[in-house]
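J.: Data file work_38.cif (mmCIF, C-alpha atoms and all ligand atoms) is appended below.
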data_structure
loop_
_atom_site.group_PDB
_atom_site.id
_atom_site.type_symbol
_atom_site.label_atom_id
_atom_site.label_comp_id
_atom_site.auth_asym_id
_atom_site.auth_seq_id
_atom_site.Cartn_x
_atom_site.Cartn_y
_atom_site.Cartn_z
ATOM 1 C CA MET E 1 5.881 -24.368 27.591
ATOM 2 C CA ARG E 2 8.919 -22.772 25.970
ATOM 3 C CA GLY E 3 9.278 -19.022 26.390
ATOM 4 C CA PRO E 4 10.773 -16.732 23.758
ATOM 5 C CA THR E 5 14.432 -17.240 23.005
ATOM 6 C CA THR E 6 16.324 -14.384 24.558
ATOM 7 C CA SER E 7 19.140 -14.512 22.048
ATOM 8 C CA LEU E 8 19.692 -11.449 19.915
ATOM 9 C CA THR E 9 21.947 -13.449 17.617
ATOM 10 C CA PRO E 10 20.113 -14.329 14.398
ATOM 11 C CA PRO E 11 19.730 -18.082 13.817
ATOM 12 C CA ALA E 12 21.894 -19.694 11.123
ATOM 13 C CA ASP E 13 19.020 -19.801 8.602
ATOM 14 C CA ALA E 14 18.138 -16.086 8.990
ATOM 15 C CA VAL E 15 18.233 -14.102 5.744
ATOM 16 C CA ALA E 16 19.694 -10.721 4.820
ATOM 17 C CA PRO E 17 17.128 -7.890 5.012
ATOM 18 C CA ALA E 18 15.695 -6.547 1.753
ATOM 19 C CA ARG E 19 15.138 -2.807 1.340
ATOM 20 C CA HIS E 20 11.567 -2.326 0.065
ATOM 21 C CA SER E 21 11.422 -0.882 -3.461
ATOM 22 C CA GLY E 22 9.092 1.859 -2.191
ATOM 23 C CA ALA E 23 11.420 2.934 0.633
ATOM 24 C CA PRO E 24 12.364 6.631 0.476
ATOM 25 C CA ALA E 25 15.787 7.552 -0.939
ATOM 26 C CA PRO E 26 18.672 7.891 1.533
ATOM 27 C CA GLY E 27 18.368 11.223 3.357
ATOM 28 C CA GLU E 28 14.603 11.509 2.871
ATOM 29 C CA PRO E 29 12.472 11.826 6.026
ATOM 30 C CA LEU E 30 10.456 8.691 6.782
ATOM 31 C CA GLY E 31 7.654 10.628 8.433
ATOM 32 C CA SER E 32 5.890 9.875 11.695
ATOM 33 C CA HIS E 33 3.957 6.606 12.050
ATOM 34 C CA TYR E 34 1.620 8.277 14.588
ATOM 35 C CA ASP E 35 1.190 11.987 15.388
ATOM 36 C CA HIS E 36 1.014 11.332 19.126
ATOM 37 C CA CYS E 37 4.001 8.994 19.310
ATOM 38 C CA PHE E 38 6.436 9.912 22.102
ATOM 39 C CA GLY E 39 9.376 9.315 19.787
ATOM 40 C CA CYS E 40 8.347 10.865 16.475
ATOM 41 C CA GLY E 41 4.913 12.485 16.812
ATOM 42 C CA GLY E 42 4.590 16.131 15.817
ATOM 43 C CA LYS E 43 1.483 16.582 17.999
ATOM 44 C CA GLN E 44 3.064 15.064 21.122
ATOM 45 C CA PRO E 45 4.089 18.019 23.320
ATOM 46 C CA HIS E 46 6.136 15.792 25.664
ATOM 47 C CA GLY E 47 7.852 13.884 22.871
ATOM 48 C CA LEU E 48 11.343 13.611 21.436
ATOM 49 C CA HIS E 49 10.194 14.888 18.008
ATOM 50 C CA LEU E 50 12.712 12.721 16.192
ATOM 51 C CA GLU E 51 12.808 13.281 12.466
ATOM 52 C CA ILE E 52 13.983 9.930 11.180
ATOM 53 C CA ARG E 53 15.496 9.667 7.723
ATOM 54 C CA ALA E 54 16.070 6.763 5.386
ATOM 55 C CA GLY E 55 19.664 5.579 5.207
ATOM 56 C CA GLU E 56 21.550 3.345 2.803
ATOM 57 C CA GLY E 57 20.387 -0.280 2.630
ATOM 58 C CA VAL E 58 17.983 -1.067 5.448
ATOM 59 C CA SER E 59 19.096 1.673 7.809
ATOM 60 C CA ALA E 60 17.753 4.907 9.269
ATOM 61 C CA THR E 61 19.203 7.940 11.004
ATOM 62 C CA ALA E 62 18.004 10.638 13.385
ATOM 63 C CA VAL E 63 19.416 13.359 15.608
ATOM 64 C CA LEU E 64 18.276 13.770 19.210
ATOM 65 C CA THR E 65 19.118 17.103 20.801
ATOM 66 C CA VAL E 66 19.312 16.369 24.512
ATOM 67 C CA ARG E 67 17.229 18.970 26.343
ATOM 68 C CA GLU E 68 16.859 19.962 30.007
ATOM 69 C CA GLU E 69 13.667 17.926 30.269
ATOM 70 C CA HIS E 70 15.650 14.796 29.340
ATOM 71 C CA GLN E 71 17.890 14.911 32.427
ATOM 72 C CA GLY E 72 18.360 11.995 34.803
ATOM 73 C CA ALA E 73 21.322 13.400 36.754
ATOM 74 C CA PRO E 74 22.288 17.084 36.794
ATOM 75 C CA GLY E 75 23.139 18.094 33.260
ATOM 76 C CA LEU E 76 23.094 14.522 31.940
ATOM 77 C CA ALA E 77 20.579 12.637 29.820
ATOM 78 C CA HIS E 78 18.365 10.008 31.443
ATOM 79 C CA GLY E 79 19.208 6.512 30.191
ATOM 80 C CA GLY E 80 15.563 5.715 29.541
ATOM 81 C CA VAL E 81 15.251 8.716 27.244
ATOM 82 C CA LEU E 82 18.309 7.562 25.293
ATOM 83 C CA ALA E 83 16.882 4.032 25.102
ATOM 84 C CA ALA E 84 13.587 5.496 23.845
ATOM 85 C CA ALA E 85 15.441 7.386 21.101
ATOM 86 C CA LEU E 86 17.244 4.190 20.075
ATOM 87 C CA ASP E 87 13.962 2.225 20.178
ATOM 88 C CA GLU E 88 12.219 4.811 17.989
ATOM 89 C CA THR E 89 15.010 4.887 15.399
ATOM 90 C CA LEU E 90 15.024 1.078 15.341
ATOM 91 C CA GLY E 91 11.213 1.035 15.095
ATOM 92 C CA ALA E 92 11.339 3.274 12.018
ATOM 93 C CA LEU E 93 13.241 0.533 10.166
ATOM 94 C CA GLY E 94 9.821 -1.020 9.545
ATOM 95 C CA TRP E 95 9.341 1.723 6.932
ATOM 96 C CA MET E 96 12.408 0.478 5.072
ATOM 97 C CA LEU E 97 10.997 -3.068 4.983
ATOM 98 C CA ARG E 98 7.337 -1.978 4.727
ATOM 99 C CA THR E 99 6.555 -4.202 7.683
ATOM 100 C CA ILE E 100 4.751 -3.132 10.835
ATOM 101 C CA ALA E 101 6.924 -4.360 13.678
ATOM 102 C CA VAL E 102 7.111 -3.790 17.433
ATOM 103 C CA THR E 103 10.011 -4.154 19.845
ATOM 104 C CA GLY E 104 10.232 -7.601 21.427
ATOM 105 C CA ARG E 105 13.607 -7.103 23.055
ATOM 106 C CA LEU E 106 15.904 -4.114 23.389
ATOM 107 C CA GLU E 107 19.350 -4.401 24.964
ATOM 108 C CA THR E 108 21.146 -1.117 25.557
ATOM 109 C CA ASP E 109 24.766 -0.354 26.442
ATOM 110 C CA PHE E 110 25.387 3.071 27.909
ATOM 111 C CA VAL E 111 28.989 3.718 26.955
ATOM 112 C CA ARG E 112 29.525 7.314 28.070
ATOM 113 C CA PRO E 113 27.441 10.024 29.783
ATOM 114 C CA VAL E 114 25.552 12.359 27.454
ATOM 115 C CA PRO E 115 25.397 16.009 28.594
ATOM 116 C CA VAL E 116 22.395 18.276 28.022
ATOM 117 C CA GLY E 117 22.892 20.172 24.775
ATOM 118 C CA THR E 118 24.494 17.195 23.006
ATOM 119 C CA GLU E 119 23.349 16.401 19.509
ATOM 120 C CA LEU E 120 23.152 12.634 19.580
ATOM 121 C CA HIS E 121 23.455 11.150 16.080
ATOM 122 C CA LEU E 122 21.485 7.931 15.912
ATOM 123 C CA ARG E 123 21.828 5.230 13.294
ATOM 124 C CA ALA E 124 19.905 1.954 13.186
ATOM 125 C CA GLU E 125 20.084 -0.928 10.753
ATOM 126 C CA VAL E 126 18.464 -4.292 10.203
ATOM 127 C CA THR E 127 21.036 -7.071 10.261
ATOM 128 C CA ALA E 128 18.889 -10.154 9.579
ATOM 129 C CA VAL E 129 15.325 -11.409 9.223
ATOM 130 C CA HIS E 130 13.962 -14.774 10.330
ATOM 131 C CA GLY E 131 10.235 -15.227 9.724
ATOM 132 C CA ARG E 132 8.492 -12.517 11.748
ATOM 133 C CA LYS E 133 11.682 -11.729 13.662
ATOM 134 C CA ILE E 134 13.701 -8.695 12.629
ATOM 135 C CA TYR E 135 17.185 -8.361 14.132
ATOM 136 C CA ALA E 136 18.645 -4.878 14.300
ATOM 137 C CA THR E 137 21.354 -2.805 15.923
ATOM 138 C CA ALA E 138 21.647 0.905 16.654
ATOM 139 C CA ALA E 139 24.208 3.389 17.892
ATOM 140 C CA GLY E 140 24.177 6.948 19.162
ATOM 141 C CA ARG E 141 27.275 9.127 18.676
ATOM 142 C CA ALA E 142 27.870 12.479 20.322
ATOM 143 C CA GLY E 143 28.254 15.607 18.229
ATOM 144 C CA GLY E 144 28.216 14.017 14.763
ATOM 145 C CA PRO E 145 27.795 10.782 12.811
ATOM 146 C CA GLU E 146 31.464 9.924 13.423
ATOM 147 C CA GLY E 147 31.539 11.299 16.990
ATOM 148 C CA PRO E 148 32.375 9.227 20.073
ATOM 149 C CA LEU E 149 30.075 6.279 20.722
ATOM 150 C CA ALA E 150 27.724 7.110 23.609
ATOM 151 C CA VAL E 151 25.014 4.415 23.433
ATOM 152 C CA ARG E 152 24.407 1.282 21.429
ATOM 153 C CA ALA E 153 21.619 -1.256 21.241
ATOM 154 C CA ALA E 154 20.786 -4.654 19.860
ATOM 155 C CA ALA E 155 17.143 -5.426 19.309
ATOM 156 C CA LEU E 156 14.635 -7.944 18.131
ATOM 157 C CA PHE E 157 11.496 -6.590 16.504
ATOM 158 C CA VAL E 158 8.513 -8.805 15.734
ATOM 159 C CA ALA E 159 6.279 -8.195 12.696
ATOM 160 C CA VAL E 160 2.610 -7.734 13.619
ATOM 161 C CA GLU E 161 -0.690 -7.093 11.840
ATOM 162 C CA VAL E 162 -2.603 -3.844 12.301
ATOM 163 C CA GLU E 163 -4.878 -5.758 14.715
ATOM 164 C CA HIS E 164 -2.000 -5.650 17.227
ATOM 165 C CA PHE E 165 -2.952 -1.984 17.678
ATOM 166 C CA THR E 166 -6.713 -2.071 17.070
ATOM 167 C CA GLU E 167 -7.218 -4.979 19.505
ATOM 168 C CA ASN E 168 -4.900 -3.739 22.252
ATOM 169 C CA GLY E 169 -4.978 0.059 22.081
ATOM 170 C CA ARG E 170 -7.401 2.162 24.133
ATOM 171 C CA ASP E 171 -10.683 2.653 22.238
ATOM 172 C CA GLU E 172 -10.565 6.449 22.368
ATOM 173 C CA GLU E 173 -7.223 6.735 20.562
ATOM 174 C CA ILE E 174 -7.950 3.862 18.166
ATOM 175 C CA ARG E 175 -11.236 5.486 17.089
ATOM 176 C CA ALA E 176 -9.476 8.836 16.555
ATOM 177 C CA ALA E 177 -6.652 7.173 14.594
ATOM 178 C CA MET E 178 -9.101 5.306 12.344
ATOM 179 C CA ALA E 179 -10.964 8.552 11.650
ATOM 180 C CA ASP E 180 -7.744 10.334 10.632
ATOM 181 C CA PRO E 181 -7.126 9.999 6.875
ATOM 182 C CA ASP E 182 -3.381 10.638 7.313
ATOM 183 C CA GLN E 183 -3.160 7.777 9.818
ATOM 184 C CA VAL E 184 -5.117 5.467 7.537
ATOM 185 C CA ARG E 185 -2.690 6.347 4.712
ATOM 186 C CA VAL E 186 0.237 5.342 6.944
ATOM 187 C CA VAL E 187 -1.338 1.961 7.661
ATOM 188 C CA ARG E 188 -2.144 1.424 3.943
ATOM 189 C CA ALA E 189 1.473 2.214 3.055
ATOM 190 C CA PHE E 190 2.527 -0.711 5.252
ATOM 191 C CA GLU E 191 -0.174 -2.987 3.871
ATOM 192 C CA VAL E 192 1.210 -2.822 0.306
ATOM 193 C CA ASN E 193 4.031 -5.103 1.434
ATOM 194 C CA PRO E 194 3.980 -7.989 -1.094
HETATM 195 C C1 LIG E 201 -5.963 2.536 12.535
HETATM 196 C C2 LIG E 201 -5.080 2.277 13.805
HETATM 197 C C3 LIG E 201 -3.726 2.059 13.458
HETATM 198 C C4 LIG E 201 -2.601 2.223 14.332
HETATM 199 C C5 LIG E 201 -1.345 1.758 13.651
HETATM 200 C C6 LIG E 201 -0.221 2.688 13.824
HETATM 201 C C7 LIG E 201 0.835 2.477 12.737
HETATM 202 C C8 LIG E 201 1.870 1.563 13.202
HETATM 203 C C9 LIG E 201 3.094 1.652 12.392
HETATM 204 C C10 LIG E 201 4.267 1.357 12.939
HETATM 205 C C11 LIG E 201 4.403 1.000 14.381
HETATM 206 C C12 LIG E 201 5.826 1.064 14.790
HETATM 207 C C13 LIG E 201 5.905 1.413 16.250
HETATM 208 C C14 LIG E 201 7.335 1.738 16.580
HETATM 209 C C15 LIG E 201 7.427 2.369 17.954
HETATM 210 C C16 LIG E 201 8.809 2.178 18.508
HETATM 211 C C17 LIG E 201 9.002 0.743 18.881
HETATM 212 C C18 LIG E 201 8.187 0.401 20.132
HETATM 213 O O1 LIG E 201 8.437 0.908 21.189
HETATM 214 S S1 LIG E 201 6.939 -0.784 19.969
HETATM 215 C C19 LIG E 201 6.220 -0.831 21.634
HETATM 216 C C20 LIG E 201 6.932 -1.775 22.565
HETATM 217 N N1 LIG E 201 6.680 -3.169 22.212
HETATM 218 C C21 LIG E 201 5.520 -3.780 22.525
HETATM 219 O O2 LIG E 201 4.609 -3.222 23.076
HETATM 220 C C22 LIG E 201 5.419 -5.240 22.147
HETATM 221 C C23 LIG E 201 4.713 -6.034 23.239
HETATM 222 N N2 LIG E 201 4.861 -7.459 22.936
HETATM 223 C C24 LIG E 201 3.990 -8.105 22.132
HETATM 224 O O3 LIG E 201 3.009 -7.548 21.686
HETATM 225 C C25 LIG E 201 4.311 -9.545 21.832
HETATM 226 O O4 LIG E 201 5.112 -10.129 22.841
HETATM 227 C C26 LIG E 201 5.067 -9.673 20.447
HETATM 228 C C27 LIG E 201 4.201 -9.089 19.304
HETATM 229 C C28 LIG E 201 6.440 -8.998 20.475
HETATM 230 C C29 LIG E 201 5.306 -11.171 20.150
HETATM 231 O O5 LIG E 201 4.132 -11.863 20.422
HETATM 232 P P1 LIG E 201 3.432 -12.856 19.377
HETATM 233 O O6 LIG E 201 2.423 -13.672 20.123
HETATM 234 O O7 LIG E 201 2.932 -12.097 18.182
HETATM 235 O O8 LIG E 201 4.587 -13.782 18.820
HETATM 236 P P2 LIG E 201 5.533 -14.851 19.580
HETATM 237 O O9 LIG E 201 5.212 -16.178 19.000
HETATM 238 O O10 LIG E 201 5.514 -14.695 21.056
HETATM 239 O O11 LIG E 201 6.975 -14.373 19.048
HETATM 240 C C30 LIG E 201 7.343 -14.443 17.677
HETATM 241 C C31 LIG E 201 8.803 -14.814 17.617
HETATM 242 O O12 LIG E 201 9.566 -13.769 18.262
HETATM 243 C C32 LIG E 201 10.302 -14.296 19.389
HETATM 244 N N3 LIG E 201 10.233 -13.329 20.486
HETATM 245 C C33 LIG E 201 9.153 -12.701 20.943
HETATM 246 N N4 LIG E 201 9.477 -11.903 21.968
HETATM 247 C C34 LIG E 201 10.809 -12.040 22.155
HETATM 248 C C35 LIG E 201 11.751 -11.468 23.063
HETATM 249 N N5 LIG E 201 11.350 -10.597 23.984
HETATM 250 N N6 LIG E 201 13.038 -11.817 22.958
HETATM 251 C C36 LIG E 201 13.454 -12.701 22.019
HETATM 252 N N7 LIG E 201 12.612 -13.274 21.129
HETATM 253 C C37 LIG E 201 11.311 -12.961 21.207
HETATM 254 C C38 LIG E 201 9.571 -15.590 19.759
HETATM 255 O O13 LIG E 201 10.444 -16.529 20.419
HETATM 256 C C39 LIG E 201 9.113 -16.102 18.387
HETATM 257 O O14 LIG E 201 10.248 -16.694 17.785
HETATM 258 P P3 LIG E 201 10.078 -18.074 16.943
HETATM 259 O O15 LIG E 201 9.151 -17.719 15.780
HETATM 260 O O16 LIG E 201 9.456 -19.079 17.862
HETATM 261 O O17 LIG E 201 11.453 -18.424 16.487
#
Could you rewrite the structure in this file as structure tokens?
T.:
Amino acid sequence: MRGPTTSLTPPADAVAPARHSGAPAPGEPLGSHYDHCFGCGGKQPHGLHLEIRAGEGVSATAVLTVREEHQGAPGLAHGGVLAAALDETLGALGWMLRTIAVTGRLETDFVRPVPVGTELHLRAEVTAVHGRKIYATAAGRAGGPEGPLAVRAAALFVAVEVEHFTENGRDEEIRAAMADPDQVRVVRAFEVNP
């Protein structure tokens, strides 16, 4: 049996991504896909609380302020926290395509150390789409959108149906999510994808 291809290079017959007509205008917040999400959830006390905004084309931006609780080494951000911030910003690109998609592969380059207190400016964009596969890249720059490159990632997201969550998530949280009208609205927003 053949396993998944590990290449993050889109195949030759991949197509350019199309920004969904209902995607928010550049600069507008995309909103959280789940209140308790570690990356973007407002009700997640341990989370990164990223406020992700629509960018031009099929892109999104966010700013992570590196806090004491994000340390790996004294005064420096933990690489896994930075990867999580990249993953979340990349994951929000689904809003721009109106496709629910999860990370299949995430490759991260840590280019320079990121001190506590840094405002890390994150930008992610979809580069190509091939069937259910969404190819994307992201970068995090220190201090501003044009600041020095600190981290970058290449990723492959895979489009899934809502059943990916309802069939795999723990019952307790799934039941609560399905009973939350705001959560149901989020899912419906994705389901309008033509
Ligand atoms: C009312 C309740 C509602 C709740 C809903 C909430 C709203 C949700 C809204 C928005 C959510 C956004 C969330 C963003 C959060 C941030 C992002 C994350 O952290 S996501 C979490 C981490 N990721 C996972 O947990 C995935 C775990 N993996 C899987 O579930 C599967 O492996 C999955 C879905 C990725 C693929 O499995 P397959 O069975 O569906 O599909 P196959 O056939 O294996 O793959 C499809 C294609 O993709 C390639 N592929 C798959 N995995 C690959 C990999 N690792 N590397 C390269 N290619 C891969 C394969 O080779 C195949 O390509 P070929 O069509 O043959 O060309």
J.: Using Å and a single decimal, report how far atom CA of Glu56 of chain E sits from atom CA of Leu90 of chain E.
T.: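 It comes out at 14.3 Å.
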J.: Check what the PyMOL selection byres (((chain E and resi 31) around 12) and not hetatm) selects in the file above and give those residues as a short mmCIF file (atom, residue, chain, number, x, y, z; two decimals) with C-alpha atoms, in the frame of the given file.
T.:
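This is the output file out.cif:
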data_model
loop_
_atom_site.label_atom_id
_atom_site.label_comp_id
_atom_site.auth_asym_id
_atom_site.auth_seq_id
_atom_site.Cartn_x
_atom_site.Cartn_y
_atom_site.Cartn_z
CA ALA E 23 11.42 2.93 0.63
CA PRO E 24 12.36 6.63 0.48
CA GLY E 27 18.37 11.22 3.36
CA GLU E 28 14.60 11.51 2.87
CA PRO E 29 12.47 11.83 6.03
CA LEU E 30 10.46 8.69 6.78
CA SER E 32 5.89 9.88 11.70
CA HIS E 33 3.96 6.61 12.05
CA TYR E 34 1.62 8.28 14.59
CA ASP E 35 1.19 11.99 15.39
CA CYS E 37 4.00 8.99 19.31
CA GLY E 39 9.38 9.32 19.79
CA CYS E 40 8.35 10.86 16.48
CA GLY E 41 4.91 12.48 16.81
CA GLY E 42 4.59 16.13 15.82
CA HIS E 49 10.19 14.89 18.01
CA LEU E 50 12.71 12.72 16.19
CA GLU E 51 12.81 13.28 12.47
CA ILE E 52 13.98 9.93 11.18
CA ARG E 53 15.50 9.67 7.72
CA ALA E 54 16.07 6.76 5.39
CA ALA E 60 17.75 4.91 9.27
CA ALA E 62 18.00 10.64 13.38
CA THR E 89 15.01 4.89 15.40
CA ALA E 92 11.34 3.27 12.02
CA LEU E 93 13.24 0.53 10.17
CA GLY E 94 9.82 -1.02 9.54
CA TRP E 95 9.34 1.72 6.93
CA MET E 96 12.41 0.48 5.07
CA ASP E 182 -3.38 10.64 7.31
CA GLN E 183 -3.16 7.78 9.82
CA ARG E 185 -2.69 6.35 4.71
CA VAL E 186 0.24 5.34 6.94
CA ALA E 189 1.47 2.21 3.06
#
J.: Counting only C-alpha atoms and all ligand atoms, which residues of chain E sit at most 6 Å from some atom of ligand LIG 201 (chain E), and what is each one's closest atom pair with its distance in Å to one decimal, listed by chain and rising residue number, as a Markdown table?
T.:
| residue | atom | partner | partner_atom | distance |
| --- | --- | --- | --- | --- |
| E:Pro4 | CA | E:LIG201 | O13 | 3.4 |
| E:Thr5 | CA | E:LIG201 | C36 | 4.7 |
| E:Thr6 | CA | E:LIG201 | C36 | 4.2 |
| E:Ser7 | CA | E:LIG201 | C36 | 6.0 |
| E:His33 | CA | E:LIG201 | C9 | 5.0 |
| E:Tyr34 | CA | E:LIG201 | C6 | 5.9 |
| E:Asp87 | CA | E:LIG201 | C17 | 5.3 |
| E:Glu88 | CA | E:LIG201 | C16 | 4.3 |
| E:Gly91 | CA | E:LIG201 | C14 | 4.2 |
| E:Ile100 | CA | E:LIG201 | C10 | 5.0 |
| E:Ala101 | CA | E:LIG201 | C12 | 5.6 |
| E:Val102 | CA | E:LIG201 | S1 | 3.9 |
| E:Thr103 | CA | E:LIG201 | N1 | 4.2 |
| E:Gly104 | CA | E:LIG201 | N5 | 4.1 |
| E:Arg105 | CA | E:LIG201 | N5 | 4.3 |
| E:Lys133 | CA | E:LIG201 | O12 | 5.5 |
| E:Val158 | CA | E:LIG201 | C28 | 5.2 |
| E:Val162 | CA | E:LIG201 | C5 | 5.9 |
| E:Phe165 | CA | E:LIG201 | C4 | 5.4 |
| E:Thr166 | CA | E:LIG201 | C2 | 5.7 |
| E:Ile174 | CA | E:LIG201 | C2 | 5.5 |
| E:Ala177 | CA | E:LIG201 | C1 | 5.1 |
| E:Met178 | CA | E:LIG201 | C1 | 4.2 |
| E:Val184 | CA | E:LIG201 | C1 | 5.9 |
| E:Val187 | CA | E:LIG201 | C7 | 5.5 |
J.: Taking 3 positions as the minimum chain separation for residues in the same chain, which residues sit within 8 Å of Gly55 of chain E when counting only C-alpha atoms? Answer as a list in words.
T.: Ala25, Pro26, Gly27, Val58, Ser59, Ala60 and Thr61 of chain E
J.: Record the distance separating atom CA of His46 of chain E and atom CA of Arg175 of chain E, expressed in Å with one decimal.
T.: 21.9 Å
J.: Quick check on the file I pasted: which residues fall under the PyMOL selection byres (((chain E and resi 17) around 12) and not hetatm)? Write them as a ChimeraX atom specification.
T.: /E:10,14-16,18-20,57-59,93-94,96-99,125-136
J.: Atom CA of Val66 of chain E to atom CA of Gly47 of chain E: how many Å, to one decimal?
T.: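 Computing the Euclidean distance for atom CA of Val66 of chain E and atom CA of Gly47 of chain E yields 11.8 Å.
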J.: Under the PyMOL selection byres (((chain E and resi 70) around 10) and not hetatm), which residues of this model are included? Write them out as a list in words.
T.: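 Checking the PyMOL selection byres (((chain E and resi 70) around 10) and not hetatm) against this file, the residues are Leu48, Thr65, Val66, Arg67, Glu68, Glu69, Gln71, Gly72, Ala73, Gly75, Leu76, Ala77, His78, Gly79, Gly80, Val81, Leu82, Pro115 and Val116 of chain E.
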J.: For each of E:Glu172, E:Asp13, E:Glu167, E:Glu161, take the minimum atom-to-atom distance to Glu191 of chain E, counting only C-alpha atoms, then give the residue where this is smallest.
T.: E:Glu161
J.: For Glu173 of chain E, which of E:Pro145, E:His36, E:Ala150, E:Ala12 is the closest residue, counting all atoms listed in the file?
T.: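 Closest to Glu173 of chain E of all the choices is E:His36.
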J.: Using only C-alpha atoms, which of E:Ala154, E:Leu122, E:Ala139, E:Ala176 sits nearest Leu8 of chain E?
T.: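 Residue with the minimum atom-to-atom distance to Leu8 of chain E: E:Ala154.
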J.: Using all atoms listed in the file, find the one residue out of E:Arg141, E:Arg152, E:His164, E:Arg188 that sits nearest to Thr118 of chain E.
T.: E:Arg141
J.: Taking into account all atoms listed in the file, which residue in the set E:Glu163, E:Glu119, E:Asp180, E:Asp171 is nearest to Ala142 of chain E?
T.: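 Counting all atoms listed in the file, the residue closest to Ala142 of chain E is E:Glu119.
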J.: For Arg112 of chain E, which of E:Ala179, E:Gly140, E:Ala84, E:Phe157 is the closest residue, counting only C-alpha atoms?
T.: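 The closest residue to Arg112 of chain E is E:Gly140.
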